[in-house]
file input_22.cif (mmCIF, C-alpha atoms, pLDDT in the B column; chains and numbers go by the auth columns)
data_my_file
#
loop_
_atom_site.group_PDB
_atom_site.id
_atom_site.type_symbol
_atom_site.label_atom_id
_atom_site.label_comp_id
_atom_site.label_asym_id
_atom_site.label_seq_id
_atom_site.Cartn_x
_atom_site.Cartn_y
_atom_site.Cartn_z
_atom_site.B_iso_or_equiv
_atom_site.auth_seq_id
_atom_site.auth_asym_id
ATOM 1 C CA MET A 1 10.198 16.071 -33.166 58.00 1 A
ATOM 2 C CA ALA A 2 7.567 13.764 -31.779 65.00 2 A
ATOM 3 C CA ASN A 3 7.807 12.927 -28.116 78.00 3 A
ATOM 4 C CA THR A 4 7.763 9.158 -28.552 90.00 4 A
ATOM 5 C CA TYR A 5 9.176 8.036 -25.189 94.00 5 A
ATOM 6 C CA VAL A 6 7.273 9.450 -22.258 94.00 6 A
ATOM 7 C CA ALA A 7 7.826 8.799 -18.543 96.00 7 A
ATOM 8 C CA ILE A 8 4.254 8.239 -17.372 96.00 8 A
ATOM 9 C CA GLN A 9 4.960 7.824 -13.653 97.00 9 A
ATOM 10 C CA THR A 10 7.728 6.870 -11.221 97.00 10 A
ATOM 11 C CA VAL A 11 7.210 5.241 -7.842 96.00 11 A
ATOM 12 C CA THR A 12 10.000 5.314 -5.266 96.00 12 A
ATOM 13 C CA VAL A 13 9.557 3.311 -2.083 96.00 13 A
ATOM 14 C CA GLY A 14 9.722 5.356 1.112 93.00 14 A
ATOM 15 C CA SER A 15 11.427 4.668 4.413 90.00 15 A
ATOM 16 C CA GLY A 16 8.717 2.288 5.611 88.00 16 A
ATOM 17 C CA GLY A 17 9.253 -0.141 2.745 93.00 17 A
ATOM 18 C CA SER A 18 6.464 -1.708 0.724 95.00 18 A
ATOM 19 C CA SER A 19 5.553 -5.212 -0.366 93.00 19 A
ATOM 20 C CA THR A 20 3.976 -4.065 -3.613 94.00 20 A
ATOM 21 C CA ILE A 21 4.326 -1.317 -6.201 97.00 21 A
ATOM 22 C CA GLY A 22 1.361 -0.653 -8.437 97.00 22 A
ATOM 23 C CA PHE A 23 0.484 1.435 -11.488 98.00 23 A
ATOM 24 C CA THR A 24 -3.231 1.959 -12.037 97.00 24 A
ATOM 25 C CA SER A 25 -5.343 3.804 -14.621 97.00 25 A
ATOM 26 C CA ILE A 26 -2.641 3.475 -17.279 97.00 26 A
ATOM 27 C CA PRO A 27 -3.729 5.519 -20.315 96.00 27 A
ATOM 28 C CA ALA A 28 -4.399 3.479 -23.451 95.00 28 A
ATOM 29 C CA THR A 29 -2.928 6.204 -25.641 94.00 29 A
ATOM 30 C CA TYR A 30 0.512 4.687 -26.273 95.00 30 A
ATOM 31 C CA THR A 31 1.651 1.883 -28.551 94.00 31 A
ATOM 32 C CA ASP A 32 3.921 0.009 -26.122 95.00 32 A
ATOM 33 C CA LEU A 33 4.913 0.236 -22.464 97.00 33 A
ATOM 34 C CA HIS A 34 8.396 0.020 -20.993 97.00 34 A
ATOM 35 C CA LEU A 35 8.796 -0.652 -17.280 98.00 35 A
ATOM 36 C CA LEU A 36 12.171 -0.133 -15.592 98.00 36 A
ATOM 37 C CA LEU A 37 12.698 -1.546 -12.114 98.00 37 A
ATOM 38 C CA SER A 38 15.434 -0.972 -9.544 97.00 38 A
ATOM 39 C CA LEU A 39 14.668 -3.275 -6.631 97.00 39 A
ATOM 40 C CA ARG A 40 15.971 -4.596 -3.359 96.00 40 A
ATOM 41 C CA THR A 41 14.020 -6.610 -0.802 95.00 41 A
ATOM 42 C CA THR A 42 14.362 -7.407 2.884 93.00 42 A
ATOM 43 C CA GLY A 43 14.058 -11.121 2.059 89.00 43 A
ATOM 44 C CA VAL A 44 16.653 -13.662 3.173 85.00 44 A
ATOM 45 C CA GLY A 45 15.142 -16.812 1.660 78.00 45 A
ATOM 46 C CA SER A 46 17.635 -17.171 -1.173 78.00 46 A
ATOM 47 C CA SER A 47 21.313 -16.311 -1.491 78.00 47 A
ATOM 48 C CA VAL A 48 20.826 -15.456 -5.153 80.00 48 A
ATOM 49 C CA GLY A 49 17.973 -12.991 -4.680 85.00 49 A
ATOM 50 C CA SER A 50 14.203 -12.943 -4.415 87.00 50 A
ATOM 51 C CA ILE A 51 11.793 -13.584 -7.258 88.00 51 A
ATOM 52 C CA GLY A 52 9.437 -10.642 -7.671 92.00 52 A
ATOM 53 C CA GLN A 53 6.087 -11.039 -9.379 92.00 53 A
ATOM 54 C CA ILE A 54 4.637 -8.882 -12.146 95.00 54 A
ATOM 55 C CA THR A 55 0.928 -9.121 -12.904 95.00 55 A
ATOM 56 C CA PHE A 56 -1.413 -7.197 -15.181 97.00 56 A
ATOM 57 C CA ASN A 57 -4.882 -5.923 -14.278 96.00 57 A
ATOM 58 C CA SER A 58 -4.667 -7.796 -10.933 92.00 58 A
ATOM 59 C CA THR A 59 -4.991 -11.073 -12.860 93.00 59 A
ATOM 60 C CA THR A 60 -3.084 -14.138 -11.678 89.00 60 A
ATOM 61 C CA SER A 61 -3.641 -16.478 -14.619 91.00 61 A
ATOM 62 C CA GLY A 62 -2.654 -16.849 -18.253 94.00 62 A
ATOM 63 C CA TYR A 63 1.093 -16.289 -17.985 93.00 63 A
ATOM 64 C CA SER A 64 3.683 -18.490 -19.706 92.00 64 A
ATOM 65 C CA LEU A 65 7.412 -18.082 -20.166 89.00 65 A
ATOM 66 C CA LYS A 66 10.470 -18.992 -22.144 88.00 66 A
ATOM 67 C CA ASP A 67 13.677 -17.980 -20.433 84.00 67 A
ATOM 68 C CA VAL A 68 17.420 -18.259 -20.210 85.00 68 A
ATOM 69 C CA TYR A 69 18.896 -17.869 -16.761 81.00 69 A
ATOM 70 C CA GLY A 70 22.489 -17.640 -15.562 79.00 70 A
ATOM 71 C CA GLN A 71 23.636 -17.705 -11.975 73.00 71 A
ATOM 72 C CA SER A 72 27.163 -17.460 -10.564 67.00 72 A
ATOM 73 C CA GLY A 73 28.871 -19.462 -13.268 62.00 73 A
ATOM 74 C CA GLY A 74 25.986 -21.772 -14.087 66.00 74 A
ATOM 75 C CA GLU A 75 23.670 -21.338 -17.033 68.00 75 A
ATOM 76 C CA GLY A 76 20.378 -22.898 -17.829 70.00 76 A
ATOM 77 C CA SER A 77 17.126 -22.498 -19.629 69.00 77 A
ATOM 78 C CA GLY A 78 13.574 -22.733 -18.463 70.00 78 A
ATOM 79 C CA ALA A 79 14.501 -21.820 -14.903 75.00 79 A
ATOM 80 C CA PHE A 80 11.360 -19.741 -14.372 79.00 80 A
ATOM 81 C CA THR A 81 8.835 -21.733 -16.356 75.00 81 A
ATOM 82 C CA PHE A 82 7.205 -22.877 -13.112 74.00 82 A
ATOM 83 C CA ALA A 83 5.614 -19.438 -12.896 78.00 83 A
ATOM 84 C CA THR A 84 2.140 -19.347 -14.442 85.00 84 A
ATOM 85 C CA THR A 85 0.391 -16.903 -12.137 87.00 85 A
ATOM 86 C CA TYR A 86 2.823 -14.036 -12.735 90.00 86 A
ATOM 87 C CA ILE A 87 5.865 -12.922 -14.729 93.00 87 A
ATOM 88 C CA PRO A 88 9.043 -13.117 -12.610 91.00 88 A
ATOM 89 C CA THR A 89 11.290 -10.074 -12.270 93.00 89 A
ATOM 90 C CA GLY A 90 14.272 -12.396 -12.553 88.00 90 A
ATOM 91 C CA ARG A 91 16.045 -12.079 -9.230 88.00 91 A
ATOM 92 C CA ASP A 92 15.625 -9.016 -7.021 92.00 92 A
ATOM 93 C CA ASP A 93 18.598 -8.137 -4.835 92.00 93 A
ATOM 94 C CA ASN A 94 17.819 -9.082 -1.251 91.00 94 A
ATOM 95 C CA ALA A 95 19.217 -8.763 2.255 92.00 95 A
ATOM 96 C CA THR A 96 21.703 -11.611 1.772 87.00 96 A
ATOM 97 C CA GLN A 97 23.604 -9.524 -0.744 86.00 97 A
ATOM 98 C CA THR A 98 25.940 -6.566 -0.485 88.00 98 A
ATOM 99 C CA ALA A 99 24.281 -3.635 1.278 90.00 99 A
ATOM 100 C CA SER A 100 22.729 -0.931 -0.896 91.00 100 A
ATOM 101 C CA THR A 101 22.906 -2.885 -4.137 92.00 101 A
ATOM 102 C CA PHE A 102 19.799 -2.982 -6.301 94.00 102 A
ATOM 103 C CA SER A 103 18.831 -5.306 -9.119 94.00 103 A
ATOM 104 C CA ASN A 104 17.822 -3.985 -12.531 94.00 104 A
ATOM 105 C CA CYS A 105 14.966 -5.204 -14.649 96.00 105 A
ATOM 106 C CA SER A 106 13.618 -3.980 -17.965 97.00 106 A
ATOM 107 C CA VAL A 107 10.161 -5.064 -19.096 97.00 107 A
ATOM 108 C CA TYR A 108 8.931 -4.215 -22.593 97.00 108 A
ATOM 109 C CA ILE A 109 5.231 -4.748 -23.275 96.00 109 A
ATOM 110 C CA THR A 110 4.116 -4.554 -26.878 94.00 110 A
ATOM 111 C CA ASN A 111 0.666 -3.480 -28.083 94.00 111 A
ATOM 112 C CA TYR A 112 -0.685 -3.360 -24.553 96.00 112 A
ATOM 113 C CA ALA A 113 -3.838 -1.542 -25.534 94.00 113 A
ATOM 114 C CA ASN A 114 -5.080 -3.782 -28.317 90.00 114 A
ATOM 115 C CA THR A 115 -7.218 -6.908 -28.132 90.00 115 A
ATOM 116 C CA ASN A 116 -4.497 -9.467 -28.894 89.00 116 A
ATOM 117 C CA ASN A 117 -2.720 -11.638 -26.354 92.00 117 A
ATOM 118 C CA LYS A 118 0.187 -9.708 -24.867 94.00 118 A
ATOM 119 C CA SER A 119 3.858 -10.388 -25.578 95.00 119 A
ATOM 120 C CA VAL A 120 6.474 -9.235 -23.099 96.00 120 A
ATOM 121 C CA PHE A 121 10.251 -9.133 -23.269 96.00 121 A
ATOM 122 C CA LEU A 122 12.160 -8.957 -19.999 96.00 122 A
ATOM 123 C CA ASP A 123 15.834 -8.790 -19.129 95.00 123 A
ATOM 124 C CA ALA A 124 17.166 -8.599 -15.617 93.00 124 A
ATOM 125 C CA VAL A 125 20.475 -8.453 -13.784 90.00 125 A
ATOM 126 C CA ASN A 126 20.867 -9.184 -10.111 85.00 126 A
ATOM 127 C CA GLU A 127 24.066 -7.752 -8.716 78.00 127 A
ATOM 128 C CA SER A 128 25.790 -8.164 -5.389 70.00 128 A
ATOM 129 C CA ASN A 129 29.224 -6.590 -5.945 69.00 129 A
ATOM 130 C CA SER A 130 30.608 -10.020 -5.125 70.00 130 A
ATOM 131 C CA ALA A 131 33.574 -11.304 -7.086 71.00 131 A
ATOM 132 C CA THR A 132 31.578 -14.351 -8.097 68.00 132 A
ATOM 133 C CA ALA A 133 27.886 -14.065 -7.324 66.00 133 A
ATOM 134 C CA HIS A 134 25.474 -12.558 -9.808 71.00 134 A
ATOM 135 C CA SER A 135 22.591 -13.669 -11.943 79.00 135 A
ATOM 136 C CA MET A 136 20.862 -12.683 -15.143 85.00 136 A
ATOM 137 C CA ALA A 137 17.655 -13.613 -16.877 88.00 137 A
ATOM 138 C CA PHE A 138 16.231 -13.111 -20.355 90.00 138 A
ATOM 139 C CA MET A 139 12.608 -13.966 -20.849 91.00 139 A
ATOM 140 C CA SER A 140 9.880 -13.809 -23.375 93.00 140 A
ATOM 141 C CA ALA A 141 6.548 -13.965 -21.653 94.00 141 A
ATOM 142 C CA LEU A 142 3.034 -14.309 -22.919 94.00 142 A
ATOM 143 C CA TRP A 143 -0.054 -13.109 -21.145 96.00 143 A
ATOM 144 C CA SER A 144 -2.897 -14.970 -22.805 95.00 144 A
ATOM 145 C CA ASN A 145 -5.469 -12.284 -22.286 95.00 145 A
ATOM 146 C CA SER A 146 -7.040 -9.886 -24.770 94.00 146 A
ATOM 147 C CA ALA A 147 -7.797 -7.132 -22.270 96.00 147 A
ATOM 148 C CA THR A 148 -6.111 -3.760 -22.505 96.00 148 A
ATOM 149 C CA ILE A 149 -3.466 -3.521 -19.796 97.00 149 A
ATOM 150 C CA ASN A 150 -4.568 -0.720 -17.486 97.00 150 A
ATOM 151 C CA ALA A 151 -2.762 -1.762 -14.309 97.00 151 A
ATOM 152 C CA ILE A 152 0.617 -3.298 -13.495 98.00 152 A
ATOM 153 C CA THR A 153 1.563 -4.682 -10.099 96.00 153 A
ATOM 154 C CA ILE A 154 5.046 -5.638 -8.916 96.00 154 A
ATOM 155 C CA THR A 155 5.004 -7.731 -5.748 93.00 155 A
ATOM 156 C CA SER A 156 8.018 -8.765 -3.720 92.00 156 A
ATOM 157 C CA GLY A 157 8.370 -12.536 -3.522 87.00 157 A
ATOM 158 C CA ASP A 158 10.169 -12.380 -0.183 86.00 158 A
ATOM 159 C CA GLY A 159 10.025 -9.522 2.315 88.00 159 A
ATOM 160 C CA ASN A 160 9.323 -5.887 1.480 93.00 160 A
ATOM 161 C CA TYR A 161 10.890 -3.675 -1.137 96.00 161 A
ATOM 162 C CA VAL A 162 13.270 -1.373 0.693 96.00 162 A
ATOM 163 C CA GLN A 163 13.539 2.398 0.603 96.00 163 A
ATOM 164 C CA TYR A 164 14.743 3.785 -2.751 97.00 164 A
ATOM 165 C CA SER A 165 13.516 0.797 -4.700 97.00 165 A
ATOM 166 C CA SER A 166 11.857 2.334 -7.715 97.00 166 A
ATOM 167 C CA ALA A 167 9.719 1.631 -10.739 98.00 167 A
ATOM 168 C CA THR A 168 9.236 3.889 -13.734 98.00 168 A
ATOM 169 C CA LEU A 169 6.635 3.270 -16.402 98.00 169 A
ATOM 170 C CA TYR A 170 7.259 4.713 -19.859 97.00 170 A
ATOM 171 C CA GLY A 171 4.817 5.004 -22.718 96.00 171 A
ATOM 172 C CA ILE A 172 6.087 4.478 -26.267 95.00 172 A
ATOM 173 C CA LYS A 173 4.348 6.174 -29.170 90.00 173 A
ATOM 174 C CA ASN A 174 4.925 5.382 -32.796 81.00 174 A
ATOM 175 C CA SER A 175 4.761 9.023 -33.858 75.00 175 A
ATOM 176 C CA MET B 1 3.083 -5.008 14.449 62.00 1 B
ATOM 177 C CA THR B 2 3.048 -2.765 11.398 75.00 2 B
ATOM 178 C CA ARG B 3 0.796 -4.040 8.657 81.00 3 B
ATOM 179 C CA PRO B 4 2.450 -4.509 5.212 85.00 4 B
ATOM 180 C CA THR B 5 1.580 -1.873 2.648 91.00 5 B
ATOM 181 C CA LYS B 6 1.487 -1.351 -1.079 93.00 6 B
ATOM 182 C CA ILE B 7 2.188 1.834 -3.013 95.00 7 B
ATOM 183 C CA GLU B 8 -0.073 2.663 -5.926 95.00 8 B
ATOM 184 C CA VAL B 9 0.156 5.487 -8.404 96.00 9 B
ATOM 185 C CA ASN B 10 -2.744 6.514 -10.573 97.00 10 B
ATOM 186 C CA CYS B 11 -1.154 7.091 -13.971 96.00 11 B
ATOM 187 C CA THR B 12 -3.918 9.418 -15.076 94.00 12 B
ATOM 188 C CA THR B 13 -3.954 11.749 -12.078 96.00 13 B
ATOM 189 C CA GLY B 14 -0.445 11.167 -10.695 95.00 14 B
ATOM 190 C CA GLU B 15 -1.874 10.577 -7.228 96.00 15 B
ATOM 191 C CA GLN B 16 0.155 8.170 -5.093 95.00 16 B
ATOM 192 C CA THR B 17 -1.413 6.272 -2.228 95.00 17 B
ATOM 193 C CA ILE B 18 -0.036 3.911 0.390 94.00 18 B
ATOM 194 C CA ILE B 19 -2.555 1.207 1.232 93.00 19 B
ATOM 195 C CA GLU B 20 -2.454 -1.421 3.969 91.00 20 B
ATOM 196 C CA LEU B 21 -2.751 -4.959 2.629 88.00 21 B
ATOM 197 C CA THR B 22 -5.932 -6.892 3.272 89.00 22 B
ATOM 198 C CA ASP B 23 -5.900 -10.163 5.232 91.00 23 B
ATOM 199 C CA GLU B 24 -6.350 -12.018 1.937 88.00 24 B
ATOM 200 C CA GLU B 25 -3.371 -10.228 0.372 83.00 25 B
ATOM 201 C CA ILE B 26 -1.196 -10.949 3.403 86.00 26 B
ATOM 202 C CA ALA B 27 -2.182 -14.636 3.259 87.00 27 B
ATOM 203 C CA GLN B 28 -1.285 -14.762 -0.440 80.00 28 B
ATOM 204 C CA MET B 29 2.050 -13.108 0.314 78.00 29 B
ATOM 205 C CA GLU B 30 2.840 -15.821 2.869 81.00 30 B
ATOM 206 C CA ILE B 31 1.973 -18.510 0.309 82.00 31 B
ATOM 207 C CA ASP B 32 4.266 -16.836 -2.219 73.00 32 B
ATOM 208 C CA ARG B 33 7.093 -16.654 0.274 73.00 33 B
ATOM 209 C CA ALA B 34 6.748 -20.349 1.102 78.00 34 B
ATOM 210 C CA ALA B 35 6.801 -21.149 -2.610 74.00 35 B
ATOM 211 C CA ALA B 36 9.938 -19.036 -3.051 65.00 36 B
ATOM 212 C CA GLU B 37 11.625 -20.912 -0.237 70.00 37 B
ATOM 213 C CA ALA B 38 10.651 -24.273 -1.739 76.00 38 B
ATOM 214 C CA GLU B 39 11.930 -23.160 -5.117 69.00 39 B
ATOM 215 C CA ARG B 40 15.211 -22.051 -3.579 64.00 40 B
ATOM 216 C CA THR B 41 15.672 -25.362 -1.772 73.00 41 B
ATOM 217 C CA ALA B 42 14.978 -27.352 -4.928 75.00 42 B
ATOM 218 C CA ARG B 43 17.336 -25.217 -7.004 69.00 43 B
ATOM 219 C CA GLU B 44 20.179 -25.484 -4.494 69.00 44 B
ATOM 220 C CA ALA B 45 19.740 -29.263 -4.197 79.00 45 B
ATOM 221 C CA GLU B 46 19.849 -29.534 -7.971 78.00 46 B
ATOM 222 C CA ALA B 47 23.030 -27.435 -8.145 72.00 47 B
ATOM 223 C CA GLU B 48 24.709 -29.507 -5.424 80.00 48 B
ATOM 224 C CA ALA B 49 23.807 -32.762 -7.180 86.00 49 B
ATOM 225 C CA LYS B 50 25.139 -31.439 -10.474 84.00 50 B
ATOM 226 C CA ALA B 51 28.416 -30.307 -8.874 83.00 51 B
ATOM 227 C CA ALA B 52 28.867 -33.682 -7.181 89.00 52 B
ATOM 228 C CA ALA B 53 28.238 -35.525 -10.453 91.00 53 B
ATOM 229 C CA LYS B 54 30.756 -33.317 -12.242 88.00 54 B
ATOM 230 C CA ALA B 55 33.404 -33.883 -9.577 89.00 55 B
ATOM 231 C CA SER B 56 32.828 -37.634 -9.776 93.00 56 B
ATOM 232 C CA ALA B 57 33.097 -37.604 -13.560 92.00 57 B
ATOM 233 C CA LEU B 58 36.321 -35.597 -13.473 91.00 58 B
ATOM 234 C CA ALA B 59 37.816 -37.950 -10.885 92.00 59 B
ATOM 235 C CA LYS B 60 36.995 -40.949 -13.084 93.00 60 B
ATOM 236 C CA LEU B 61 38.524 -39.273 -16.129 92.00 61 B
ATOM 237 C CA ALA B 62 41.655 -38.405 -14.157 92.00 62 B
ATOM 238 C CA ALA B 63 41.913 -42.049 -13.104 93.00 63 B
ATOM 239 C CA LEU B 64 41.877 -42.964 -16.801 92.00 64 B
ATOM 240 C CA GLY B 65 44.935 -40.791 -17.337 92.00 65 B
ATOM 241 C CA LEU B 66 43.629 -37.389 -18.487 90.00 66 B
ATOM 242 C CA THR B 67 45.885 -34.520 -17.439 89.00 67 B
ATOM 243 C CA GLU B 68 44.713 -31.473 -15.500 86.00 68 B
ATOM 244 C CA ASP B 69 44.988 -29.371 -18.673 89.00 69 B
ATOM 245 C CA GLU B 70 42.843 -31.851 -20.564 88.00 70 B
ATOM 246 C CA LEU B 71 40.264 -31.948 -17.781 86.00 71 B
ATOM 247 C CA ALA B 72 40.159 -28.159 -17.735 85.00 72 B
ATOM 248 C CA THR B 73 38.913 -28.138 -21.328 84.00 73 B
ATOM 249 C CA LEU B 74 35.765 -30.088 -20.405 78.00 74 B
#
call {"tool": "encode", "arguments": {"input": "input_22.cif", "output": "structure tokens"}}
result
Amino acid sequence: MANTYVAIQTVTVGSGGSSTIGFTSIPATYTDLHLLLSLRTTGVGSSVGSIGQITFNSTTSGYSLKDVYGQSGGEGSGAFTFATTYIPTGRDDNATQTASTFSNCSVYITNYANTNNKSVFLDAVNESNSATAHSMAFMSALWSNSATINAITITSGDGNYVQYSSATLYGIKNS
Amino acid sequence: MTRPTKIEVNCTTGEQTIIELTDEEIAQMEIDRAAAEAERTAREAEAEAKAAAKASALAKLAALGLTEDELATL
């Protein structure tokens, strides 16, 4: 059976924390990429979590979004469309939320190695173990750039990513 | 004061490195944090305004004679 879903690399933040997690020299040998994030920051700027930033190839232009966002009983659309220099991670758990909780984010990047503009699907859940407070986000993102994606950077929008925050990059093959 | 760092993994070799941020990267991080704070303030103000408008609307409907059960369906 073909090994079609391969864990390329995992990064786990150490005890010192880190503001950024990066994958470089990504092989162009897969069809799609799947990035799974488990994140918590030291930020305190927002009671509903921090907004992390995903960029490709260290480029901070060409991003656009369509999204649906829900937060603690409220729902809306277009909540993240202000972001044009990065793709948001939704909301990362931060220091205002229950200790030791981590947000989850799944980022699927299609045809990352070809010369078309890049489509991305992202879903994220920010959890606090509160009886009422949580948030979710679904996004389709477009990176209007024809370059092969060879690097992905995840940057905390507020504070550092804490120990045990992690990111795993998977490669998807079609055979 | 400890300088902020980033963790990078080379997906071809598997080598992980921890790198101190440059002055430019730290400056950008501060800009991003300020933007996040501004975004949070705007979002919370919007939510408060929406909640106040809803409460006002419900009070007006109650004054017109709608019951609590009827208001709960809105």
call {"tool": "closest_atom_pairs", "arguments": {"input": "input_22.cif", "of": "chain B", "to": "chain A", "cutoff": "10 Å", "atoms": "only C-alpha atoms", "output": "CSV"}}
result
residue,atom,partner,partner_atom,distance
B:Thr2,CA,A:Gly16,CA,9.5
B:Pro4,CA,A:Ser19,CA,6.4
B:Thr5,CA,A:Ser18,CA,5.3
B:Lys6,CA,A:Thr20,CA,4.5
B:Ile7,CA,A:Ile21,CA,5.0
B:Glu8,CA,A:Gly22,CA,4.4
B:Val9,CA,A:Phe23,CA,5.1
B:Asn10,CA,A:Thr24,CA,4.8
B:Cys11,CA,A:Ile26,CA,5.1
B:Thr12,CA,A:Ser25,CA,5.8
B:Thr13,CA,A:Ser25,CA,8.5
B:Gly14,CA,A:Gln9,CA,7.0
B:Glu15,CA,A:Gln9,CA,9.8
B:Gln16,CA,A:Val11,CA,8.1
B:Thr17,CA,A:Gly22,CA,9.7
B:Ile18,CA,A:Ser18,CA,8.6
B:Ile19,CA,A:Ser18,CA,9.5
B:Glu20,CA,A:Ser18,CA,9.5
B:Leu21,CA,A:Ser19,CA,8.8
B:Ile26,CA,A:Ser19,CA,9.6
B:Met29,CA,A:Gly157,CA,7.4
B:Glu30,CA,A:Asp158,CA,8.7
B:Ile31,CA,A:Gly157,CA,9.6
B:Asp32,CA,A:Gly157,CA,6.1
B:Arg33,CA,A:Asp158,CA,5.3
B:Ala34,CA,A:Asp158,CA,8.8
B:Ala35,CA,A:Gly157,CA,8.8
B:Ala36,CA,A:Gly157,CA,6.7
B:Glu37,CA,A:Gly45,CA,5.7
B:Ala38,CA,A:Gly45,CA,9.3
B:Glu39,CA,A:Ser46,CA,9.2
B:Arg40,CA,A:Ser46,CA,6.0
B:Thr41,CA,A:Ser46,CA,8.4
B:Arg43,CA,A:Ala79,CA,9.1
B:Glu44,CA,A:Ser46,CA,9.3
B:Ala47,CA,A:Gly74,CA,8.7
call {"tool": "atom_distance", "arguments": {"input": "input_22.cif", "atom1": "CA of Glu48 (chain B)", "atom2": "CA of Gln71 (chain A)"}}
result
13.5 Å
call {"tool": "resolve_selection", "arguments": {"input": "input_22.cif", "expression": "the PyMOL selection byres ((chain A and resi 39) around 10)", "output": "MDAnalysis selection string"}}
result
chainID A and resid 12:13 36:38 40:41 50 52 89 91:94 101:105 126 156 161:167
call {"tool": "write_last_selection", "arguments": {"input": "input_22.cif", "atoms": "C-alpha atoms", "output": "mmCIF file, keeping the file's coordinate frame"}}
result
data_model
loop_
_atom_site.group_PDB
_atom_site.id
_atom_site.type_symbol
_atom_site.label_atom_id
_atom_site.label_comp_id
_atom_site.auth_asym_id
_atom_site.auth_seq_id
_atom_site.Cartn_x
_atom_site.Cartn_y
_atom_site.Cartn_z
ATOM 1 C CA THR A 12 10.000 5.314 -5.266
ATOM 2 C CA VAL A 13 9.557 3.311 -2.083
ATOM 3 C CA LEU A 36 12.171 -0.133 -15.592
ATOM 4 C CA LEU A 37 12.698 -1.546 -12.114
ATOM 5 C CA SER A 38 15.434 -0.972 -9.544
ATOM 6 C CA ARG A 40 15.971 -4.596 -3.359
ATOM 7 C CA THR A 41 14.020 -6.610 -0.802
ATOM 8 C CA SER A 50 14.203 -12.943 -4.415
ATOM 9 C CA GLY A 52 9.437 -10.642 -7.671
ATOM 10 C CA THR A 89 11.290 -10.074 -12.270
ATOM 11 C CA ARG A 91 16.045 -12.079 -9.230
ATOM 12 C CA ASP A 92 15.625 -9.016 -7.021
ATOM 13 C CA ASP A 93 18.598 -8.137 -4.835
ATOM 14 C CA ASN A 94 17.819 -9.082 -1.251
ATOM 15 C CA THR A 101 22.906 -2.885 -4.137
ATOM 16 C CA PHE A 102 19.799 -2.982 -6.301
ATOM 17 C CA SER A 103 18.831 -5.306 -9.119
ATOM 18 C CA ASN A 104 17.822 -3.985 -12.531
ATOM 19 C CA CYS A 105 14.966 -5.204 -14.649
ATOM 20 C CA ASN A 126 20.867 -9.184 -10.111
ATOM 21 C CA SER A 156 8.018 -8.765 -3.720
ATOM 22 C CA TYR A 161 10.890 -3.675 -1.137
ATOM 23 C CA VAL A 162 13.270 -1.373 0.693
ATOM 24 C CA GLN A 163 13.539 2.398 0.603
ATOM 25 C CA TYR A 164 14.743 3.785 -2.751
ATOM 26 C CA SER A 165 13.516 0.797 -4.700
ATOM 27 C CA SER A 166 11.857 2.334 -7.715
ATOM 28 C CA ALA A 167 9.719 1.631 -10.739
#
call {"tool": "resolve_selection", "arguments": {"input": "input_22.cif", "expression": "the PyMOL selection byres ((chain A and resi 69) around 8)", "output": "list in words"}}
result
Asp67, Val68, Gly70, Gln71, Glu75, Gly76, Ser77, Gly78, Ala79, Ser135, Met136, Ala137 and Phe138 of chain A
call {"tool": "residues_around", "arguments": {"input": "input_22.cif", "residues": "Asn111 (chain A)", "least_positions_apart": "5", "cutoff": "12 Å", "atoms": "all atoms listed in the file", "output": "ChimeraX atom specification"}}
result
/A:28-34,116-120,143,146-149,171-174
call {"tool": "write_last_selection", "arguments": {"input": "input_22.cif", "atoms": "C-alpha atoms", "output": "compact mmCIF listing (two decimals), in the frame of the given file"}}
result
# COMPACT_ATOMS: atom_id res chain seq x y z
CA ALA A 28 -4.40 3.48 -23.45
CA THR A 29 -2.93 6.20 -25.64
CA TYR A 30 0.51 4.69 -26.27
CA THR A 31 1.65 1.88 -28.55
CA ASP A 32 3.92 0.01 -26.12
CA LEU A 33 4.91 0.24 -22.46
CA HIS A 34 8.40 0.02 -20.99
CA ASN A 116 -4.50 -9.47 -28.89
CA ASN A 117 -2.72 -11.64 -26.35
CA LYS A 118 0.19 -9.71 -24.87
CA SER A 119 3.86 -10.39 -25.58
CA VAL A 120 6.47 -9.24 -23.10
CA TRP A 143 -0.05 -13.11 -21.14
CA SER A 146 -7.04 -9.89 -24.77
CA ALA A 147 -7.80 -7.13 -22.27
CA THR A 148 -6.11 -3.76 -22.50
CA ILE A 149 -3.47 -3.52 -19.80
CA GLY A 171 4.82 5.00 -22.72
CA ILE A 172 6.09 4.48 -26.27
CA LYS A 173 4.35 6.17 -29.17
CA ASN A 174 4.92 5.38 -32.80
call {"tool": "build_atoms", "arguments": {"input": "input_22.cif", "residues": "region 167-172 of chain A", "atoms": "N, CA and C atoms", "output": "PDB file, keeping the file's coordinate frame"}}
result
ATOM      1  N   ALA A 167      10.288   2.142  -9.494  1.00 98.00           N
ATOM      2  CA  ALA A 167       9.719   1.631 -10.739  1.00 98.00           C
ATOM      3  C   ALA A 167       9.270   2.817 -11.572  1.00 98.00           C
ATOM      4  N   THR A 168       9.676   2.825 -12.833  1.00 98.00           N
ATOM      5  CA  THR A 168       9.236   3.889 -13.734  1.00 98.00           C
ATOM      6  C   THR A 168       8.559   3.264 -14.939  1.00 98.00           C
ATOM      7  N   LEU A 169       7.389   3.765 -15.254  1.00 98.00           N
ATOM      8  CA  LEU A 169       6.635   3.270 -16.402  1.00 98.00           C
ATOM      9  C   LEU A 169       6.704   4.304 -17.523  1.00 98.00           C
ATOM     10  N   TYR A 170       7.170   3.848 -18.686  1.00 97.00           N
ATOM     11  CA  TYR A 170       7.259   4.713 -19.859  1.00 97.00           C
ATOM     12  C   TYR A 170       6.206   4.297 -20.877  1.00 97.00           C
ATOM     13  N   GLY A 171       5.700   5.273 -21.589  1.00 96.00           N
ATOM     14  CA  GLY A 171       4.817   5.004 -22.718  1.00 96.00           C
ATOM     15  C   GLY A 171       5.567   5.261 -24.012  1.00 96.00           C
ATOM     16  N   ILE A 172       5.421   4.364 -24.973  1.00 95.00           N
ATOM     17  CA  ILE A 172       6.087   4.478 -26.267  1.00 95.00           C
ATOM     18  C   ILE A 172       5.026   4.776 -27.322  1.00 95.00           C
TER      19      ILE A 172
END
